[in-house]
Amino acid sequence: MIPSNVYRTPRWLAVSLLSAAVATPVLAQEDPIKVGILHSLSGTMAISETVLKDTVEMLIEQQNAEGGLLGRQLEAVVVDPASDWPLFAEKARELLAQEEVDVIFGNWTSVSRKSVLPVVEELNGLLFYPVQYEGEESSENVFYTGAAPNQQAIPAVNYLMNNVGVERWVLAGTDYVYPRTTNKILDAYLKSHGVADEDIMISYTPFGHSDWQNIVSDIKEFGSQGKKTAVVSTINGDANVPFYRELGNQGINAADIPVVAFSVGEEELTGIDTAPLVGHLAAWNYFMSVDTDENYDFIDAWIEYTGDDMAVTNDPMEAHYIGFNMWTEAVKKAGTTDVDAVKDAIIGVTVPNLTGGYAAMMPNHHITKPVLIGEIQDNGQFSIVWETPSTVAGDAWSDYLEGSRDLISDWRKPMECGNYNVVEGSCGGSEAEVE
Amino acid sequence: MWMIRAFLPGVWLLCLLLGLALMAQAQEETGQGQALLESLDSPSYDAKAEAIEAIIVSGDERSRRWLDELLGGKLQRHKDTGRFVIVLENRGRNWPVIDALTLEDAGEMSRRDLDGIGINNALRGQLQSALAMLDLYTDDVDDRRDAARELLGSVDAPMVEPLGEVIANEDDAEVRRLLDQALAIHRLDEGDIDAIAELAGSLNSRVRAALNSATRSDDPLVADAASAALADIEQKLRLNSGLETLYFGLSLGSVLVLAAIGLAITFGVMGVINMAHGELIMLGAYTTWAMQQLLPGQPGLALVLSIPAGFLVAALAGIAIERSVIQFLKGRPLETLLATFGVSLILQQLVRTVISPQNRTVVSPDWMSGSLMINEGLSLTLNRLFVLGFALVVFACLMLVMRRTRLGLEVRAVTQNRAMARSMGIRATRVDIMTFALGSGVAGLAGVALSQLTNVGPNLGQNYIIDSFMVVVFGGVGNLWGTLVAGLSLGVINQVLEPWAGAVLAKIIVLVFIILFIQKRPRGLFPQKGRAAEG
């Protein structure tokens, strides 16, 4: 094990290197700009992450076809962290210290992001994280282009409460950090809206759970109490297929007990026979069925890139699309790929999203997104039944959790703090834990 | 039959059926049809609900088709021309369509140009009860029963009178009973206390939902009566829920038995620790997927053919593993474990690279979807029932092979005393290959069955390997009966624990239990006795 401070570049050195780079742009034109891609291509998460690697590669190809960036070509550096959380940190170190990439697009699970976080902060890298997550984090070096809980979970629950009239809630999730935090936020949110304790059922299952008989039967029983019941599902990945299958077989249809899922997208539905699922819901910030020209162009480009006529697009892909375009805009604005300059330039950058609006990078390193609710169709697509009237800005620290309520994140000068406590008037540092 | 009924009075239903009788006239009213569909194409769901009502009342002969297609999301509109079409197949980029008004072929349209007429769950409920109302007039008794069941809890005031007519003319007692209950639920919602007597004793979950909401009624008499009726029902349900848990347990157990029984041969009988066992299961599941790709549109036939195919594919893979790795590591369990673990990783990544890292869709045939209703409160899911039966059949066949065939005899001889068996003229190497192929083939069969329960993806096998070893060790190494009993009992224990301990804790408790049990009886439930035990 090499002591980590060997890799640390002194700040004065970084600054002088930066000025050298600015002073001699002619030299820099020779080398390509390196873009690191940190997505699992093997192991359990390959199912979700492989397409994200392809997406970034496609975006790089498109950018190069348009003449590159700052007159330089982009070059993808792909590593495979193999769904192994500690390996994510090692691979991130490899990307930043050995390959000296200018930016990293990567990660899916929160645990992998947490493992990469100290490396990216130590080596002062840039990481674009494209997946919806539990919030309660803000790092100077990470840009969260996926949804925070207030951009997905809370609006979905509002929809069920106000438009569907749901009074009883099942919060079902896989047993790890994202469902646990999200359910904690939802539990507090529901109770603050007058939902009684006995009208909330929380159930956790292990990763890859495949025997859902008892839980589905419990949900059925819970739903037969004469009040409209809905399931809010943070069930992750593979476990969804047998869950939905069991729902269908036990005769629970969406008109009786709708299930709204936060982790089921077009990609996951390609592995399921969707006929029994018609009408169950998902909340995302993008659906492949969104009816805009930008989206059709993106889909056509993706189909052409993959060569698969049935290829589907999904929400995290759109997040990478937005993140990539934001980064290129910021690099153009800063006139350099230097991390500190890009980090400052990117706040406030606004680029089109695929749903016909714009996404802006907020000072807390989260972006603005519309929230869409879609119902599953028999062709594995979603039909959009509801959307927020305007975009919602991501909130790093939930307003519904004790301790996180008073925190704000603002990475602009002079505050430059990821968790500023407005009550105490002090910055807790970006590593502070909330509990 | 329905012609007679059509002339009976009834509010909107009458109009609809009159319309059905007057087909010819309606056909000329294309303009009216266009107007009806126009009103459906509105951004507001309330307006859509009214438009659906209008379509039902219009009595247009195409309305049934429109409502069906609307429910399926296939009724769409061309963005530029405003033409209404019905999409026949909505996968890919260009979709074949027919004209919604003339129902004639309209070629193919790009999905980019089509706008679906979206519905939400509220509208879906409305459509389903409207269609159920129509289905009450079909000739098929089962369809009528399903329709009547669908109407439980969704009867509203305008439907009461036509439903009364239907009940009066219905021959089937079950349909009459269900419709009476549907009406009683409606009356209970209106606050009629007599309705409770009619609903008492029913195990149907929608009846219970109605009674539950009646317990919160403002009228204390209604509330009390509803609570009393519910208490009575809960009593009856207790037996049901016991049976249900037992079924859940046996079903989980049968999955464990299927996954483990192949291992009981390769590990139990031959003593080979095969960590790639899970991947052999995965190969069986992928065979089912491949079969369904070869026979599109016939998932049932494909599934039946997958049984021999899955066995063969996994058996051949097993032979390959045995010849290339395991035979060189005989008697070195640690090396075998590591080498076969490597093989399992290779197989997983092979599937990821060659096929896809994504899960593959395996369709369930119709006869395996849904559930078998024992009574109103207890139904058994069909896919799991089939898997339970399949597990028992596989087990019986395996017992037959091991006990009654020459191969079984030789296998037992070789495993008990290799040298002696060889001196009796048994070709031990050949027996090794055959045994390993048999165990692997059975793993393939497990994969075929699991494709109906869980995802077919590269990680399928990993999820079952630990469970499989657990069952074999618990049951007693080398004993097929032990595997059966161990699998089924672990399944039942798990499902009994799950409701009060939660899924995560239940799994842990079962593991702790097995560890303690193995401490006490290291050779499992059914230890081998006699000379075989020393070998």
# chains A, B, ... in the order shown; residues from 1 in each chain; ligands from 1
$ interface_residues --of "chain B" --to "chain A" --cutoff "6 Å" --atoms "only C-alpha atoms" --output "MDAnalysis selection string"
chainID B and resid 92 121 125 205 209:210 212:213 357:361 363 370:371 381 454:455 503:504
$ residues_around --residues "segment 115-119 of chain A" --least-positions-apart "3" --cutoff "8 Å" --atoms "only C-alpha atoms" --output "number ranges by chain"
A: 85-86, 88-89, 92-93, 111-112, 122-123, 139, 142
$ residues_around --residues "Gly357 of chain A" --least-positions-apart "2" --cutoff "10 Å" --atoms "only C-alpha atoms" --output "VMD selection string"
chain A and resid 292 294 351 to 355 359 368 to 370 390 to 391
$ closest_residue --among "B:Gly487, B:Gly191, B:Pro220, B:Gly502" --to "Asp467 of chain B" --atoms "only C-alpha atoms"
B:Gly487
$ residues_around --residues "segment 186-197 of chain A" --least-positions-apart "2" --cutoff "12 Å" --atoms "only C-alpha atoms" --output "PyMOL selection string"
chain A and resi 134+149-150+152-158+160-162+166-172+179-184+199-202+227+232-234+398-402+405
$ select_by_dssp --residues "segment 92-299 of chain B" --states "strand (DSSP E or B)" --output "list in words"
Asn94, Trp95, Pro96, Val97, Ile98, Asp99, Asp105, Ala106, Gly107, Glu108, Met109, Ser110, Leu114, Asp115 and Gly116 of chain B
$ write_last_selection --atoms "N, CA and C atoms" --output "PDB file, in the first residue's frame"
ATOM      1  N   ASN B  94     -41.063   1.391 -36.459  1.00  0.00           N
ATOM      2  CA  ASN B  94     -42.245   1.575 -37.287  1.00  0.00           C
ATOM      3  C   ASN B  94     -43.304   0.549 -36.891  1.00  0.00           C
ATOM      4  N   TRP B  95     -44.518   1.058 -36.707  1.00  0.00           N
ATOM      5  CA  TRP B  95     -45.564   0.189 -36.178  1.00  0.00           C
ATOM      6  C   TRP B  95     -46.650  -0.050 -37.230  1.00  0.00           C
ATOM      7  N   PRO B  96     -47.074  -1.299 -37.430  1.00  0.00           N
ATOM      8  CA  PRO B  96     -48.209  -1.545 -38.312  1.00  0.00           C
ATOM      9  C   PRO B  96     -49.504  -1.067 -37.644  1.00  0.00           C
ATOM     10  N   VAL B  97     -50.362  -0.388 -38.418  1.00  0.00           N
ATOM     11  CA  VAL B  97     -51.587   0.170 -37.822  1.00  0.00           C
ATOM     12  C   VAL B  97     -52.787  -0.142 -38.716  1.00  0.00           C
ATOM     13  N   ILE B  98     -53.990  -0.049 -38.110  1.00  0.00           N
ATOM     14  CA  ILE B  98     -55.224  -0.058 -38.889  1.00  0.00           C
ATOM     15  C   ILE B  98     -55.993   1.212 -38.556  1.00  0.00           C
ATOM     16  N   ASP B  99     -56.832   1.624 -39.459  1.00  0.00           N
ATOM     17  CA  ASP B  99     -57.633   2.816 -39.229  1.00  0.00           C
ATOM     18  C   ASP B  99     -58.661   2.521 -38.142  1.00  0.00           C
ATOM     19  N   ASP B 105     -56.713  -1.888 -42.926  1.00  0.00           N
ATOM     20  CA  ASP B 105     -55.263  -1.802 -42.825  1.00  0.00           C
ATOM     21  C   ASP B 105     -54.770  -0.426 -43.289  1.00  0.00           C
ATOM     22  N   ALA B 106     -53.901   0.185 -42.497  1.00  0.00           N
ATOM     23  CA  ALA B 106     -53.408   1.512 -42.860  1.00  0.00           C
ATOM     24  C   ALA B 106     -51.889   1.528 -42.962  1.00  0.00           C
ATOM     25  N   GLY B 107     -51.288   0.390 -43.221  1.00  0.00           N
ATOM     26  CA  GLY B 107     -49.841   0.314 -43.436  1.00  0.00           C
ATOM     27  C   GLY B 107     -49.040   0.479 -42.154  1.00  0.00           C
ATOM     28  N   GLU B 108     -47.856   1.088 -42.277  1.00  0.00           N
ATOM     29  CA  GLU B 108     -46.982   1.280 -41.114  1.00  0.00           C
ATOM     30  C   GLU B 108     -46.791   2.764 -40.844  1.00  0.00           C
ATOM     31  N   MET B 109     -46.679   3.117 -39.580  1.00  0.00           N
ATOM     32  CA  MET B 109     -46.407   4.512 -39.249  1.00  0.00           C
ATOM     33  C   MET B 109     -45.228   4.569 -38.282  1.00  0.00           C
ATOM     34  N   SER B 110     -44.457   5.655 -38.353  1.00  0.00           N
ATOM     35  CA  SER B 110     -43.323   5.814 -37.448  1.00  0.00           C
ATOM     36  C   SER B 110     -43.846   6.189 -36.070  1.00  0.00           C
ATOM     37  N   LEU B 114     -46.779   9.293 -34.081  1.00  0.00           N
ATOM     38  CA  LEU B 114     -48.020   8.879 -33.421  1.00  0.00           C
ATOM     39  C   LEU B 114     -48.081   9.415 -31.992  1.00  0.00           C
ATOM     40  N   ASP B 115     -49.263   9.792 -31.610  1.00  0.00           N
ATOM     41  CA  ASP B 115     -49.534  10.271 -30.258  1.00  0.00           C
ATOM     42  C   ASP B 115     -50.480   9.297 -29.591  1.00  0.00           C
ATOM     43  N   GLY B 116     -50.062   8.668 -28.513  1.00  0.00           N
ATOM     44  CA  GLY B 116     -50.972   7.741 -27.838  1.00  0.00           C
ATOM     45  C   GLY B 116     -52.024   8.502 -27.060  1.00  0.00           C
TER      46      GLY B 116
END
$ select_by_dssp --residues "segment 106-199 of chain B" --states "helix (DSSP H, G or I)" --output "PyMOL selection string"
chain B and resi 121-135+141-151+157-169+173-189+194-199
$ write_last_selection --atoms "C-alpha atoms" --output "PDB file, in the first residue's frame"
ATOM      1  CA  ASN B 121     -55.341   4.021 -13.326  1.00  0.00           C
ATOM      2  CA  ALA B 122     -58.643   5.736 -12.571  1.00  0.00           C
ATOM      3  CA  LEU B 123     -59.685   5.524 -16.212  1.00  0.00           C
ATOM      4  CA  ARG B 124     -58.379   1.981 -16.368  1.00  0.00           C
ATOM      5  CA  GLY B 125     -60.708   1.070 -13.511  1.00  0.00           C
ATOM      6  CA  GLN B 126     -63.619   2.759 -15.263  1.00  0.00           C
ATOM      7  CA  LEU B 127     -62.869   0.934 -18.520  1.00  0.00           C
ATOM      8  CA  GLN B 128     -62.479  -2.390 -16.782  1.00  0.00           C
ATOM      9  CA  SER B 129     -65.850  -2.152 -15.089  1.00  0.00           C
ATOM     10  CA  ALA B 130     -67.487  -0.976 -18.329  1.00  0.00           C
ATOM     11  CA  LEU B 131     -65.989  -3.936 -20.176  1.00  0.00           C
ATOM     12  CA  ALA B 132     -66.963  -6.265 -17.337  1.00  0.00           C
ATOM     13  CA  MET B 133     -70.518  -4.989 -17.670  1.00  0.00           C
ATOM     14  CA  LEU B 134     -70.446  -5.940 -21.354  1.00  0.00           C
ATOM     15  CA  ASP B 135     -68.892  -9.311 -20.585  1.00  0.00           C
ATOM     16  CA  VAL B 141     -69.789 -18.949 -18.004  1.00  0.00           C
ATOM     17  CA  ASP B 142     -66.168 -18.441 -16.899  1.00  0.00           C
ATOM     18  CA  ASP B 143     -66.017 -15.059 -18.614  1.00  0.00           C
ATOM     19  CA  ARG B 144     -69.269 -14.059 -16.915  1.00  0.00           C
ATOM     20  CA  ARG B 145     -67.896 -15.119 -13.518  1.00  0.00           C
ATOM     21  CA  ASP B 146     -64.702 -13.143 -14.068  1.00  0.00           C
ATOM     22  CA  ALA B 147     -66.739 -10.139 -15.141  1.00  0.00           C
ATOM     23  CA  ALA B 148     -68.957 -10.400 -12.061  1.00  0.00           C
ATOM     24  CA  ARG B 149     -65.900 -10.663  -9.821  1.00  0.00           C
ATOM     25  CA  GLU B 150     -64.442  -7.598 -11.492  1.00  0.00           C
ATOM     26  CA  LEU B 151     -67.585  -5.648 -10.617  1.00  0.00           C
ATOM     27  CA  ALA B 157     -75.727   4.137  -8.963  1.00  0.00           C
ATOM     28  CA  PRO B 158     -76.569   3.986 -12.711  1.00  0.00           C
ATOM     29  CA  MET B 159     -75.464   0.357 -12.852  1.00  0.00           C
ATOM     30  CA  VAL B 160     -77.815  -0.889 -10.143  1.00  0.00           C
ATOM     31  CA  GLU B 161     -80.898  -1.239 -12.321  1.00  0.00           C
ATOM     32  CA  PRO B 162     -79.294  -3.026 -15.308  1.00  0.00           C
ATOM     33  CA  LEU B 163     -77.487  -5.340 -12.900  1.00  0.00           C
ATOM     34  CA  GLY B 164     -80.837  -6.253 -11.349  1.00  0.00           C
ATOM     35  CA  GLU B 165     -82.011  -7.262 -14.806  1.00  0.00           C
ATOM     36  CA  VAL B 166     -78.899  -9.328 -15.389  1.00  0.00           C
ATOM     37  CA  ILE B 167     -79.334 -11.185 -12.110  1.00  0.00           C
ATOM     38  CA  ALA B 168     -82.967 -11.953 -12.943  1.00  0.00           C
ATOM     39  CA  ASN B 169     -81.940 -13.534 -16.256  1.00  0.00           C
ATOM     40  CA  ALA B 173     -75.800 -19.445  -9.461  1.00  0.00           C
ATOM     41  CA  GLU B 174     -72.202 -18.351  -8.921  1.00  0.00           C
ATOM     42  CA  VAL B 175     -72.579 -15.320 -11.185  1.00  0.00           C
ATOM     43  CA  ARG B 176     -75.826 -14.412  -9.384  1.00  0.00           C
ATOM     44  CA  ARG B 177     -74.145 -14.720  -5.995  1.00  0.00           C
ATOM     45  CA  LEU B 178     -71.219 -12.514  -7.043  1.00  0.00           C
ATOM     46  CA  LEU B 179     -73.505  -9.877  -8.534  1.00  0.00           C
ATOM     47  CA  ASP B 180     -75.664  -9.879  -5.411  1.00  0.00           C
ATOM     48  CA  GLN B 181     -72.513  -9.241  -3.405  1.00  0.00           C
ATOM     49  CA  ALA B 182     -71.468  -6.481  -5.773  1.00  0.00           C
ATOM     50  CA  LEU B 183     -74.823  -4.805  -5.265  1.00  0.00           C
ATOM     51  CA  ALA B 184     -74.626  -5.335  -1.513  1.00  0.00           C
ATOM     52  CA  ILE B 185     -71.227  -3.599  -1.419  1.00  0.00           C
ATOM     53  CA  HIS B 186     -72.794  -0.681  -3.236  1.00  0.00           C
ATOM     54  CA  ARG B 187     -75.694  -0.577  -0.761  1.00  0.00           C
ATOM     55  CA  LEU B 188     -73.257  -0.774   2.158  1.00  0.00           C
ATOM     56  CA  ASP B 189     -71.399   2.236   0.795  1.00  0.00           C
ATOM     57  CA  ASP B 194     -78.978  -4.915   5.835  1.00  0.00           C
ATOM     58  CA  ALA B 195     -76.280  -5.298   3.214  1.00  0.00           C
ATOM     59  CA  ILE B 196     -73.881  -6.476   5.930  1.00  0.00           C
ATOM     60  CA  ALA B 197     -75.866  -9.657   6.502  1.00  0.00           C
ATOM     61  CA  GLU B 198     -75.517 -10.467   2.827  1.00  0.00           C
ATOM     62  CA  LEU B 199     -71.764  -9.911   2.863  1.00  0.00           C
TER      63      LEU B 199
END
$ residues_around --residues "Leu126 of chain A" --least-positions-apart "5" --cutoff "10 Å" --atoms "only C-alpha atoms" --output "PDB file with C-alpha atoms, in the first residue's frame"
ATOM      1  CA  GLY A  36     -12.426   8.624 -17.642  1.00  0.00           C
ATOM      2  CA  LEU A  96      -6.663  10.285 -11.828  1.00  0.00           C
ATOM      3  CA  VAL A 101      -7.960  12.122 -16.902  1.00  0.00           C
ATOM      4  CA  ASP A 102      -9.637  15.534 -16.889  1.00  0.00           C
ATOM      5  CA  VAL A 103     -13.032  14.288 -15.847  1.00  0.00           C
ATOM      6  CA  ILE A 104     -14.681  11.024 -14.758  1.00  0.00           C
ATOM      7  CA  PHE A 105     -18.178   9.852 -15.587  1.00  0.00           C
ATOM      8  CA  VAL A 120     -11.691  12.128  -6.000  1.00  0.00           C
ATOM      9  CA  GLU A 121     -11.439  14.726  -3.248  1.00  0.00           C
ATOM     10  CA  GLU A 140     -16.762  19.846  -4.010  1.00  0.00           C
ATOM     11  CA  ASN A 141     -15.557  17.393  -6.638  1.00  0.00           C
ATOM     12  CA  VAL A 142     -18.759  15.548  -7.460  1.00  0.00           C
ATOM     13  CA  PHE A 143     -21.608  16.707  -9.696  1.00  0.00           C
ATOM     14  CA  TRP A 327     -18.964  19.710 -18.704  1.00  0.00           C
ATOM     15  CA  ASP A 338      -8.277  22.475 -15.393  1.00  0.00           C
ATOM     16  CA  VAL A 339     -10.422  21.033 -12.609  1.00  0.00           C
ATOM     17  CA  ASP A 340     -10.595  24.145 -10.414  1.00  0.00           C
ATOM     18  CA  VAL A 342     -14.138  24.022 -14.661  1.00  0.00           C
ATOM     19  CA  LYS A 343     -15.596  23.558 -11.180  1.00  0.00           C
TER      20      LYS A 343
END
$ atom_distance --atom1 "atom CA of Met58 of chain A" --atom2 "atom CA of Asn107 of chain A"
17.6 Å
